[in-house]
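Data block for coords-v5.cif (mmCIF, C-alpha atoms (C1' of nucleotides)):
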```cif
data_my_file
loop_
_atom_site.label_atom_id
_atom_site.label_comp_id
_atom_site.auth_asym_id
_atom_site.auth_seq_id
_atom_site.Cartn_x
_atom_site.Cartn_y
_atom_site.Cartn_z
CA MET A 177 75.61 -111.27 55.50
CA LEU A 178 78.36 -110.63 57.99
CA SER A 179 78.19 -110.75 61.75
CA ILE A 180 79.58 -107.81 63.67
CA GLY A 181 82.68 -109.86 64.45
CA ASP A 182 83.28 -110.62 60.77
CA LEU A 183 82.85 -106.96 59.92
CA SER A 184 85.28 -106.08 62.66
CA LYS A 185 87.91 -108.45 61.32
CA ARG A 186 87.54 -107.24 57.76
CA THR A 187 87.78 -103.55 58.57
CA GLY A 188 90.00 -103.55 61.60
CA VAL A 189 87.37 -101.60 63.55
CA LYS A 190 86.67 -103.05 66.96
CA VAL A 191 83.26 -104.46 67.71
CA PRO A 192 82.23 -101.92 70.36
CA THR A 193 83.40 -99.17 68.05
CA ILE A 194 81.11 -100.40 65.30
CA ARG A 195 78.20 -100.28 67.70
CA TYR A 196 79.30 -96.82 68.73
CA TYR A 197 79.29 -95.64 65.11
CA GLU A 198 75.80 -96.97 64.71
CA GLN A 199 74.74 -95.07 67.80
CA MET A 200 76.33 -91.90 66.44
CA GLY A 201 74.46 -92.31 63.18
CA LEU A 202 77.49 -92.93 60.98
CA LEU A 203 76.27 -96.41 60.17
CA ALA A 204 72.60 -97.08 59.58
CA ALA A 205 71.05 -99.35 62.20
CA ALA A 206 71.96 -102.83 61.02
CA GLU A 207 69.49 -105.48 60.04
CA ARG A 208 69.01 -108.11 62.72
CA SER A 209 69.02 -111.88 62.72
CA GLU A 210 66.20 -113.82 64.33
CA GLY A 211 68.21 -113.84 67.52
CA ASN A 212 68.60 -110.03 67.38
CA GLN A 213 72.21 -110.05 66.23
CA ARG A 214 73.41 -107.47 63.74
CA ARG A 215 73.89 -108.59 60.13
CA TYR A 216 75.85 -106.54 57.64
CA SER A 217 75.84 -106.28 53.87
CA ARG A 218 78.60 -105.42 51.45
CA GLN A 219 77.39 -101.82 51.44
CA ASP A 220 77.78 -101.66 55.20
CA LEU A 221 81.29 -103.01 54.83
CA GLU A 222 82.14 -100.29 52.34
CA ARG A 223 80.61 -97.62 54.46
CA LEU A 224 82.57 -98.72 57.50
CA ALA A 225 85.78 -98.85 55.48
CA PHE A 226 85.06 -95.28 54.41
CA ILE A 227 84.58 -94.21 58.03
CA ARG A 228 87.68 -96.02 59.15
CA HIS A 229 89.69 -94.42 56.44
CA GLY A 230 88.43 -90.99 57.39
CA ARG A 231 89.30 -91.59 61.03
CA ASP A 232 92.73 -92.82 60.06
CA LEU A 233 93.21 -89.56 58.25
CA GLY A 234 92.25 -87.82 61.47
CA LEU A 235 88.87 -86.49 60.41
CA ASP A 236 86.40 -86.18 63.25
CA ILE A 237 83.04 -87.87 63.34
CA SER A 238 81.08 -84.81 62.30
CA ALA A 239 83.31 -84.28 59.26
CA ILE A 240 82.85 -87.90 58.29
CA ARG A 241 79.13 -87.65 58.77
CA GLU A 242 79.12 -84.68 56.42
CA LEU A 243 81.23 -86.47 53.83
CA ILE A 244 78.94 -89.46 53.91
CA SER A 245 75.94 -87.27 53.37
CA LEU A 246 77.73 -85.51 50.49
CA SER A 247 78.69 -88.80 48.91
CA GLN A 248 75.03 -89.63 48.64
CA HIS A 249 74.40 -86.76 46.25
CA PRO A 250 76.66 -87.67 43.34
CA ASP A 251 75.67 -84.72 41.19
CA HIS A 252 76.21 -81.99 43.75
CA PRO A 253 79.36 -79.95 43.32
CA CYS A 254 82.26 -81.20 45.36
CA ALA A 255 83.33 -77.86 46.79
CA ASP A 256 82.12 -78.81 50.27
CA ALA A 257 84.07 -82.06 50.32
CA ASP A 258 87.11 -80.16 49.15
CA ARG A 259 86.66 -77.61 51.90
CA ILE A 260 86.39 -80.26 54.61
CA ALA A 261 89.58 -81.91 53.44
CA SER A 262 91.42 -78.60 53.02
CA ASP A 263 90.37 -77.37 56.44
CA HIS A 264 91.55 -80.58 57.95
CA LEU A 265 94.85 -80.33 56.13
CA ALA A 266 95.31 -76.84 57.51
CA ALA A 267 94.55 -78.10 61.02
CA VAL A 268 97.06 -80.92 60.63
CA ARG A 269 99.70 -78.44 59.54
CA GLU A 270 99.03 -76.27 62.54
CA LYS A 271 99.41 -79.23 64.84
CA ILE A 272 102.68 -80.15 63.19
CA ASP A 273 104.00 -76.63 63.64
CA ARG A 274 103.06 -76.55 67.25
CA LEU A 275 104.58 -79.96 67.92
CA LYS A 276 107.78 -78.96 66.19
CA ARG A 277 108.12 -75.99 68.49
CA LEU A 278 107.57 -78.31 71.42
CA GLU A 279 110.10 -80.72 70.05
CA GLN A 280 112.76 -78.02 69.85
CA GLU A 281 112.12 -76.82 73.36
CA LEU A 282 112.12 -80.33 74.80
CA GLU A 283 115.23 -81.18 72.86
CA ARG A 284 116.98 -78.19 74.29
CA ILE A 285 115.85 -79.01 77.82
CA VAL A 286 116.77 -82.67 77.58
CA SER A 287 120.16 -81.98 76.02
CA HIS A 288 121.13 -79.95 79.08
CA CYS A 289 120.47 -82.93 81.28
CA ASP A 290 122.53 -86.07 81.18
CA GLY A 291 120.68 -87.73 84.04
CA GLY A 292 123.88 -87.93 85.99
CA HIS A 293 123.39 -85.32 88.69
CA SER A 294 120.88 -84.40 91.35
CA ILE A 295 117.40 -83.00 91.09
CA GLU A 296 118.62 -79.82 92.65
CA GLU A 297 120.56 -78.88 89.57
CA CYS A 298 118.45 -80.79 87.07
CA TYR A 299 117.83 -78.72 84.00
CA VAL A 300 114.49 -80.41 83.33
CA ILE A 301 113.13 -79.29 86.67
CA ARG A 302 114.76 -75.90 86.52
CA ALA A 303 113.41 -75.22 83.05
CA LEU A 304 109.91 -76.05 84.18
CA SER A 305 110.25 -73.83 87.22
CA ASP A 306 111.60 -70.88 85.34
CA HIS A 307 110.11 -69.79 82.09
CA ASN A 308 113.08 -67.53 81.44
CA LEU A 309 115.14 -70.58 80.65
CA CYS A 310 113.00 -71.14 77.55
CA ASP A 311 113.88 -70.06 74.09
CA SER A 312 110.40 -69.64 72.71
CA GLU A 313 106.80 -69.26 73.65
CA HIS A 314 104.73 -72.42 73.83
CA MET B 55 97.82 -63.83 99.67
CA LEU B 56 96.16 -64.14 96.30
CA SER B 57 92.58 -64.98 95.50
CA ILE B 58 91.94 -67.68 92.94
CA GLY B 59 91.12 -64.97 90.39
CA ASP B 60 94.45 -63.21 91.00
CA LEU B 61 96.28 -66.49 90.65
CA SER B 62 94.43 -67.15 87.44
CA LYS B 63 95.40 -63.79 85.99
CA ARG B 64 99.03 -64.17 86.94
CA THR B 65 99.47 -67.65 85.55
CA GLY B 66 97.00 -67.64 82.67
CA VAL B 67 95.35 -70.77 84.09
CA LYS B 68 91.57 -70.48 84.23
CA VAL B 69 89.84 -70.49 87.57
CA PRO B 70 87.97 -73.79 87.14
CA THR B 71 91.18 -75.38 85.92
CA ILE B 72 92.96 -74.32 89.11
CA ARG B 73 90.25 -75.98 91.17
CA TYR B 74 90.54 -79.03 88.95
CA TYR B 75 94.28 -79.23 89.59
CA GLU B 76 93.62 -79.06 93.30
CA GLN B 77 91.14 -81.90 92.98
CA MET B 78 93.68 -83.91 90.99
CA GLY B 79 96.26 -83.40 93.70
CA LEU B 80 98.66 -81.30 91.64
CA LEU B 81 98.14 -78.34 93.89
CA ALA B 82 97.83 -78.77 97.64
CA ALA B 83 94.41 -77.85 98.97
CA ALA B 84 94.61 -74.10 99.37
CA GLU B 85 94.28 -72.25 102.64
CA ARG B 86 90.88 -70.65 103.06
CA SER B 87 89.75 -67.20 104.09
CA GLU B 88 87.16 -66.77 106.84
CA GLY B 89 84.51 -66.84 104.15
CA ASN B 90 85.87 -70.13 102.78
CA GLN B 91 87.56 -68.68 99.72
CA ARG B 92 90.89 -70.02 98.55
CA ARG B 93 94.00 -68.02 99.33
CA TYR B 94 97.32 -68.64 97.63
CA SER B 95 100.92 -67.95 98.57
CA ARG B 96 103.91 -67.23 96.40
CA GLN B 97 104.82 -70.93 96.58
CA ASP B 98 101.42 -71.85 95.20
CA LEU B 99 101.97 -69.39 92.38
CA GLU B 100 105.31 -70.98 91.53
CA ARG B 101 103.86 -74.45 91.68
CA LEU B 102 101.03 -73.52 89.37
CA ALA B 103 103.43 -71.86 86.94
CA PHE B 104 105.42 -75.10 86.95
CA ILE B 105 102.29 -77.09 86.16
CA ARG B 106 101.22 -74.70 83.47
CA HIS B 107 104.62 -74.85 81.91
CA GLY B 108 104.56 -78.62 81.88
CA ARG B 109 101.12 -78.66 80.31
CA ASP B 110 102.26 -76.17 77.70
CA LEU B 111 105.05 -78.56 76.86
CA GLY B 112 102.42 -81.25 76.45
CA LEU B 113 103.21 -83.32 79.53
CA ASP B 114 100.22 -85.08 80.97
CA ILE B 115 99.02 -84.68 84.52
CA SER B 116 100.60 -87.85 85.82
CA ALA B 117 103.99 -86.87 84.40
CA ILE B 118 103.69 -83.48 86.04
CA ARG B 119 102.67 -85.07 89.30
CA GLU B 120 105.78 -87.20 89.14
CA LEU B 121 108.01 -84.25 88.33
CA ILE B 122 106.59 -82.29 91.24
CA SER B 123 107.27 -85.14 93.58
CA LEU B 124 110.80 -85.46 92.21
CA SER B 125 111.41 -81.76 92.61
CA GLN B 126 110.75 -82.14 96.31
CA HIS B 127 113.77 -84.38 96.75
CA PRO B 128 116.59 -82.07 95.66
CA ASP B 129 119.36 -84.54 96.38
CA HIS B 130 117.94 -87.50 94.49
CA PRO B 131 119.52 -88.21 91.14
CA CYS B 132 117.75 -86.61 88.25
CA ALA B 133 117.65 -89.65 85.99
CA ASP B 134 113.90 -90.03 86.46
CA ALA B 135 113.17 -86.46 85.48
CA ASP B 136 115.40 -86.90 82.49
CA ARG B 137 113.56 -90.04 81.49
CA ILE B 138 110.15 -88.38 81.73
CA ALA B 139 111.28 -85.55 79.51
CA SER B 140 113.02 -87.86 77.05
CA ASP B 141 110.05 -90.17 76.81
CA HIS B 142 107.85 -87.24 76.14
CA LEU B 143 110.19 -85.95 73.50
CA ALA B 144 110.08 -89.33 71.80
CA ALA B 145 106.28 -89.30 71.93
CA VAL B 146 106.18 -85.83 70.43
CA ARG B 147 108.44 -86.95 67.62
CA GLU B 148 106.22 -89.91 66.89
CA LYS B 149 103.19 -87.67 66.71
CA ILE B 150 105.01 -85.37 64.34
CA ASP B 151 105.95 -88.26 62.09
CA ARG B 152 102.44 -89.55 62.02
CA LEU B 153 100.99 -86.14 61.30
CA LYS B 154 103.48 -85.58 58.51
CA ARG B 155 102.37 -88.77 56.85
CA LEU B 156 98.79 -87.59 57.18
CA GLU B 157 99.75 -84.22 55.79
CA GLN B 158 101.26 -85.79 52.69
CA GLU B 159 98.29 -88.00 52.07
CA LEU B 160 95.81 -85.19 52.58
CA GLU B 161 97.86 -82.90 50.39
CA ARG B 162 97.80 -85.44 47.63
CA ILE B 163 94.08 -86.00 47.97
CA VAL B 164 93.25 -82.31 48.10
CA SER B 165 95.52 -81.47 45.16
CA HIS B 166 93.52 -83.83 42.97
CA CYS B 167 90.37 -81.90 43.74
CA ASP B 168 89.82 -78.33 42.60
CA GLY B 169 86.30 -78.17 43.99
CA GLY B 170 84.99 -77.49 40.51
CA HIS B 171 83.28 -80.74 39.64
CA SER B 172 80.67 -83.06 41.04
CA ILE B 173 80.74 -85.37 44.04
CA GLU B 174 80.55 -88.30 41.69
CA GLU B 175 84.08 -87.72 40.46
CA CYS B 176 85.38 -86.00 43.58
CA TYR B 177 88.79 -87.30 44.47
CA VAL B 178 88.28 -86.62 48.17
CA ILE B 179 85.31 -88.95 48.30
CA ARG B 180 86.84 -91.49 45.99
CA ALA B 181 90.04 -91.64 47.97
CA LEU B 182 88.10 -92.27 51.16
CA SER B 183 86.07 -94.99 49.52
CA ASP B 184 89.02 -96.74 48.02
CA HIS B 185 92.14 -97.34 50.01
CA ASN B 186 94.00 -98.30 46.86
CA LEU B 187 94.11 -94.67 45.87
CA CYS B 188 96.40 -94.00 48.82
CA ASP B 189 100.13 -93.77 48.64
CA SER B 190 100.95 -94.89 52.12
CA GLU B 191 99.57 -96.61 55.17
CA HIS B 192 98.04 -94.42 57.82
"C1'" DC C 154 76.00 -48.52 106.31
"C1'" DC C 155 74.02 -50.75 102.73
"C1'" DA C 156 73.01 -52.10 97.83
"C1'" DG C 157 74.53 -54.33 93.99
"C1'" DG C 158 77.47 -56.63 91.12
"C1'" DA C 159 81.62 -59.22 90.59
"C1'" DA C 160 83.89 -63.03 92.14
"C1'" DG C 161 83.81 -66.99 94.85
"C1'" DC C 162 81.84 -71.60 96.38
"C1'" DT C 163 80.13 -76.73 95.43
"C1'" DC C 164 78.27 -80.11 92.62
"C1'" DT C 165 76.86 -82.14 88.38
"C1'" DA C 166 77.10 -82.97 83.66
"C1'" DG C 167 79.00 -82.42 79.12
"C1'" DT C 168 82.94 -82.57 75.70
"C1'" DC C 169 85.11 -86.46 72.22
"C1'" DT C 170 86.08 -91.05 70.80
"C1'" DC C 171 86.13 -94.73 72.22
"C1'" DT C 172 87.04 -98.82 75.85
"C1'" DA C 173 85.91 -101.94 79.65
"C1'" DG C 174 82.91 -104.45 82.37
"C1'" DA C 175 78.57 -106.62 84.13
"C1'" DG C 176 75.05 -109.57 83.31
"C1'" DC C 177 72.58 -111.75 80.08
"C1'" DT C 178 71.37 -114.54 75.36
"C1'" DA C 179 72.37 -116.64 70.79
"C1'" DT C 180 75.12 -119.36 67.80
"C1'" DG C 181 77.63 -123.21 66.12
"C1'" DA C 182 80.84 -127.20 66.40
"C1'" DA C 183 81.95 -131.70 68.89
"C1'" DT D 82 73.32 -131.75 74.47
"C1'" DT D 83 76.93 -129.26 75.96
"C1'" DC D 84 79.83 -125.57 76.17
"C1'" DA D 85 82.85 -122.06 74.43
"C1'" DT D 86 82.64 -118.16 71.76
"C1'" DA D 87 80.35 -114.37 70.20
"C1'" DG D 88 76.65 -111.46 70.57
"C1'" DC D 89 73.33 -108.26 73.15
"C1'" DT D 90 72.28 -103.82 76.24
"C1'" DC D 91 73.51 -100.64 79.54
"C1'" DT D 92 76.59 -98.05 82.39
"C1'" DA D 93 80.86 -96.07 83.63
"C1'" DG D 94 85.55 -94.56 82.82
"C1'" DA D 95 89.41 -92.37 80.38
"C1'" DG D 96 91.90 -87.23 80.08
"C1'" DA D 97 91.80 -82.58 80.74
"C1'" DC D 98 89.10 -79.70 81.14
"C1'" DT D 99 84.53 -76.56 80.45
"C1'" DA D 100 79.85 -74.97 81.38
"C1'" DG D 101 76.04 -74.22 84.13
"C1'" DA D 102 72.96 -74.09 88.27
"C1'" DG D 103 72.21 -72.30 92.51
"C1'" DC D 104 74.14 -70.34 96.26
"C1'" DT D 105 77.54 -67.15 99.24
"C1'" DT D 106 81.18 -63.73 100.01
"C1'" DC D 107 83.62 -59.69 98.95
"C1'" DC D 108 84.40 -55.00 97.71
"C1'" DT D 109 83.23 -50.45 96.11
"C1'" DG D 110 80.15 -46.21 95.54
"C1'" DG D 111 76.83 -43.62 97.19
#
```

Could you render the structure from this file as structure tokens?
Amino acid sequence: MLSIGDLSKRTGVKVPTIRYYEQMGLLAAAERSEGNQRRYSRQDLERLAFIRHGRDLGLDISAIRELISLSQHPDHPCADADRIASDHLAAVREKIDRLKRLEQELERIVSHCDGGHSIEECYVIRALSDHNLCDSEH
Amino acid sequence: MLSIGDLSKRTGVKVPTIRYYEQMGLLAAAERSEGNQRRYSRQDLERLAFIRHGRDLGLDISAIRELISLSQHPDHPCADADRIASDHLAAVREKIDRLKRLEQELERIVSHCDGGHSIEECYVIRALSDHNLCDSEH
DNA sequence: CCAGGAAGCTCTAGTCTCTAGAGCTATGAA
DNA sequence: TTCATAGCTCTAGAGACTAGAGCTTCCTGG
């Protein structure tokens, strides 16, 4: 059995975050030692690694909760899991697109400014003040 | 003089958000009508448009606060404004990179899963359970 | 001139995913 | 036995809003 600190070290998830996941129902309430400290099994370790991995991939807690519940019905069809992942992929792609548009606009603004003159004529400030100086919507 | 609703319509910033910006010190506390309602001038409109534009570009409130304060010293050098924008650009690029790595990994996971089989053999679930199935760190 | 509804006001709490801190207790090695 | 480290619970804070309650002011039509 692992203490919460051990579990933290092995998964890279911080201690308060583990407690938070328990509170959110992602992890079952852990067994307790005589002194009321949490004790974790190998299964708990795997479950937490699963959660961590999902978070690293940017899935939100409710998606992970759903995936966990799906994973506990091995003979159900996997269409739902596929949909969660696909939806998330689509969301990631949208974010990338949006950020790329931002990147272009910022690039353009910054490239007009060499930092060597006064605020009065600073392109950064002027661009923010006047939307007409922008190339695209954002 | 504009009411808060007028200001909202003209800038596309929602009414509660305008009050929030006032509370955060981005907008000066507005003049009030006899009946204690906020009244805005053309300057306020421009200031809010500036803020909105900064937010649209993804700058956070403290960066915008700093830019506003810089913009009020027209003869200072603009190096600081340049740095804020450049830093932000760098942050945006980092986010893009990270999201692209996610995109690739998710793409790979999703492409292994056609939704047509059972959870037991679902690649989405298996990939989450087993980090070794991943191509890259994330 | 007044009714009624839209728009305004303040204040509080909720969103999401943690993170930090206070104040206390348990564990384990010297 | 001592004492540091690690654990416990509970509350609050972060950022950038958003929603709702309960109240007041404004404006228009009749």

Show me a table, sorted first by chain and then by increasing residue number, of the residues of chain A having an atom at most 8 Å from chain B, each with its shortest atom pair and the distance in Å to one decimal, counting all atoms listed in the file and written as a Markdown table.
```
| residue | atom | partner | partner_atom | distance |
| --- | --- | --- | --- | --- |
| A:Glu222 | CA | B:Ser183 | CA | 7.2 |
| A:Arg223 | CA | B:Ser183 | CA | 7.8 |
| A:Ala225 | CA | B:Ser183 | CA | 7.1 |
| A:Phe226 | CA | B:Ser183 | CA | 5.0 |
| A:Ile227 | CA | B:Leu182 | CA | 8.0 |
| A:His229 | CA | B:Leu182 | CA | 5.9 |
| A:Gly230 | CA | B:Leu182 | CA | 6.4 |
| A:Asp232 | CA | B:His192 | CA | 6.0 |
| A:Leu233 | CA | B:Leu156 | CA | 6.0 |
| A:Gly234 | CA | B:Leu156 | CA | 7.8 |
| A:Leu243 | CA | B:Ile179 | CA | 7.3 |
| A:Leu246 | CA | B:Ile173 | CA | 7.1 |
| A:Ser247 | CA | B:Ile173 | CA | 6.3 |
| A:His249 | CA | B:Ile173 | CA | 6.9 |
| A:Pro250 | CA | B:Glu174 | CA | 4.3 |
| A:Asp251 | CA | B:Ser172 | CA | 5.3 |
| A:His252 | CA | B:Ser172 | CA | 5.3 |
| A:Pro253 | CA | B:Ser172 | CA | 4.1 |
| A:Cys254 | CA | B:Ile173 | CA | 4.6 |
| A:Ala255 | CA | B:Gly169 | CA | 4.1 |
| A:Asp256 | CA | B:Gly169 | CA | 7.6 |
| A:Ala257 | CA | B:Val178 | CA | 6.6 |
| A:Asp258 | CA | B:Gly169 | CA | 5.6 |
| A:Arg259 | CA | B:Gly169 | CA | 7.9 |
| A:Ala261 | CA | B:Val164 | CA | 6.5 |
| A:Ser262 | CA | B:Val164 | CA | 6.4 |
| A:Leu265 | CA | B:Leu160 | CA | 6.1 |
| A:Val268 | CA | B:Glu157 | CA | 6.4 |
| A:Arg269 | CA | B:Glu157 | CA | 6.9 |
| A:Lys271 | CA | B:Leu153 | CA | 7.9 |
| A:Ile272 | CA | B:Ile150 | CA | 5.8 |
| A:Leu275 | CA | B:Ile150 | CA | 6.5 |
| A:Lys276 | CA | B:Ile150 | CA | 7.2 |
| A:Leu278 | CA | B:Leu111 | CA | 6.0 |
| A:Glu279 | CA | B:Leu143 | CA | 6.3 |
| A:Leu282 | CA | B:Leu143 | CA | 6.1 |
| A:Glu283 | CA | B:Leu143 | CA | 7.0 |
| A:Val286 | CA | B:Ser140 | CA | 6.4 |
| A:Cys289 | CA | B:Asp136 | CA | 6.6 |
| A:Asp290 | CA | B:Asp136 | CA | 7.3 |
| A:Gly291 | CA | B:Ala133 | CA | 4.1 |
| A:Gly292 | CA | B:Ala133 | CA | 6.5 |
| A:His293 | CA | B:Pro131 | CA | 5.4 |
| A:Ser294 | CA | B:Pro131 | CA | 4.1 |
| A:Ile295 | CA | B:Cys132 | CA | 4.6 |
| A:Glu296 | CA | B:Pro128 | CA | 4.3 |
| A:Glu297 | CA | B:Pro128 | CA | 7.9 |
| A:Cys298 | CA | B:Cys132 | CA | 6.0 |
| A:Val300 | CA | B:Ala135 | CA | 6.6 |
| A:Ile301 | CA | B:Ser125 | CA | 6.7 |
| A:Leu304 | CA | B:Phe104 | CA | 5.4 |
| A:Ser305 | CA | B:Phe104 | CA | 5.0 |
| A:Asp306 | CA | B:Phe104 | CA | 7.7 |
| A:His307 | CA | B:His107 | CA | 7.5 |
| A:His314 | CA | B:Asp110 | CA | 5.9 |
```

Q: Skip range 156-171 of chain C itself and residues of its chain fewer than 6 positions away, then list as a ChimeraX atom specification all residues within 12 Å of it, counting all atoms listed in the file.
A: /A:189-197,200,231,234-238 /B:57-60,69-70,73,86-87,89-93 /D:94-111

Q: Quick one: apply the PyMOL selection byres ((chain C and resi 181) around 10) to the file and drop the selected residues here as a ChimeraX atom specification.
A: /C:179-180,182-183 /D:85-86

Q: Determine the residue membership of the PyMOL selection byres ((chain C and resi 173) around 9) for the file above and supply it as a ChimeraX atom specification.
A: /C:172,174 /D:93-94

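Counting from CA of Ser62 in chain B, the distance to CA of Arg119 in chain B is 19.8 Å.
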
Could you rebuild range 60-68 of chain B with all heavy atoms and give me the result as a compact mmCIF listing (two decimals), in the coordinates of the input?
```
# COMPACT_ATOMS: atom_id res chain seq x y z
N ASP B 60 93.12 -63.81 91.15
CA ASP B 60 94.45 -63.21 91.00
C ASP B 60 95.43 -64.25 90.45
O ASP B 60 96.18 -63.99 89.52
CB ASP B 60 94.98 -62.73 92.36
CG ASP B 60 94.12 -61.61 92.94
OD1 ASP B 60 93.44 -60.91 92.16
OD2 ASP B 60 94.13 -61.45 94.17
N LEU B 61 95.38 -65.42 91.06
CA LEU B 61 96.28 -66.49 90.65
C LEU B 61 96.05 -66.82 89.18
O LEU B 61 97.00 -67.01 88.41
CB LEU B 61 96.01 -67.73 91.50
CG LEU B 61 97.02 -68.86 91.41
CD1 LEU B 61 98.37 -68.43 91.96
CD2 LEU B 61 96.53 -70.09 92.15
N SER B 62 94.79 -66.87 88.81
CA SER B 62 94.43 -67.15 87.44
C SER B 62 95.03 -66.11 86.49
O SER B 62 95.65 -66.46 85.48
CB SER B 62 92.90 -67.16 87.32
OG SER B 62 92.51 -67.20 85.97
N LYS B 63 94.88 -64.85 86.84
CA LYS B 63 95.40 -63.79 85.99
C LYS B 63 96.92 -63.88 85.87
O LYS B 63 97.48 -63.71 84.79
CB LYS B 63 95.00 -62.41 86.54
CG LYS B 63 93.71 -61.88 85.92
CD LYS B 63 93.23 -60.61 86.63
CE LYS B 63 91.72 -60.71 86.89
NZ LYS B 63 91.33 -60.16 88.20
N ARG B 64 97.57 -64.17 86.96
CA ARG B 64 99.03 -64.17 86.94
C ARG B 64 99.63 -65.34 86.18
O ARG B 64 100.75 -65.28 85.69
CB ARG B 64 99.57 -64.21 88.37
CG ARG B 64 99.19 -62.96 89.12
CD ARG B 64 100.38 -62.43 89.86
NE ARG B 64 99.93 -61.57 90.93
CZ ARG B 64 100.73 -61.05 91.84
NH1 ARG B 64 102.03 -61.35 91.80
NH2 ARG B 64 100.27 -60.28 92.77
N THR B 65 98.90 -66.46 86.18
CA THR B 65 99.47 -67.65 85.55
C THR B 65 98.84 -67.95 84.19
O THR B 65 99.37 -68.76 83.43
CB THR B 65 99.23 -68.90 86.42
OG1 THR B 65 97.81 -69.02 86.64
CG2 THR B 65 99.94 -68.78 87.75
N GLY B 66 97.69 -67.32 83.92
CA GLY B 66 97.00 -67.64 82.67
C GLY B 66 96.25 -68.98 82.73
O GLY B 66 95.80 -69.48 81.71
N VAL B 67 96.13 -69.54 83.93
CA VAL B 67 95.35 -70.77 84.09
C VAL B 67 93.95 -70.38 84.54
O VAL B 67 93.81 -69.61 85.49
CB VAL B 67 95.99 -71.69 85.16
CG1 VAL B 67 95.15 -72.95 85.37
CG2 VAL B 67 97.41 -72.04 84.76
N LYS B 68 92.94 -70.89 83.89
CA LYS B 68 91.57 -70.48 84.23
C LYS B 68 91.16 -70.96 85.60
O LYS B 68 91.63 -71.99 86.08
CB LYS B 68 90.59 -71.03 83.18
CG LYS B 68 90.73 -70.33 81.85
CD LYS B 68 89.64 -70.78 80.91
CE LYS B 68 89.91 -70.27 79.50
NZ LYS B 68 89.48 -71.22 78.48
```
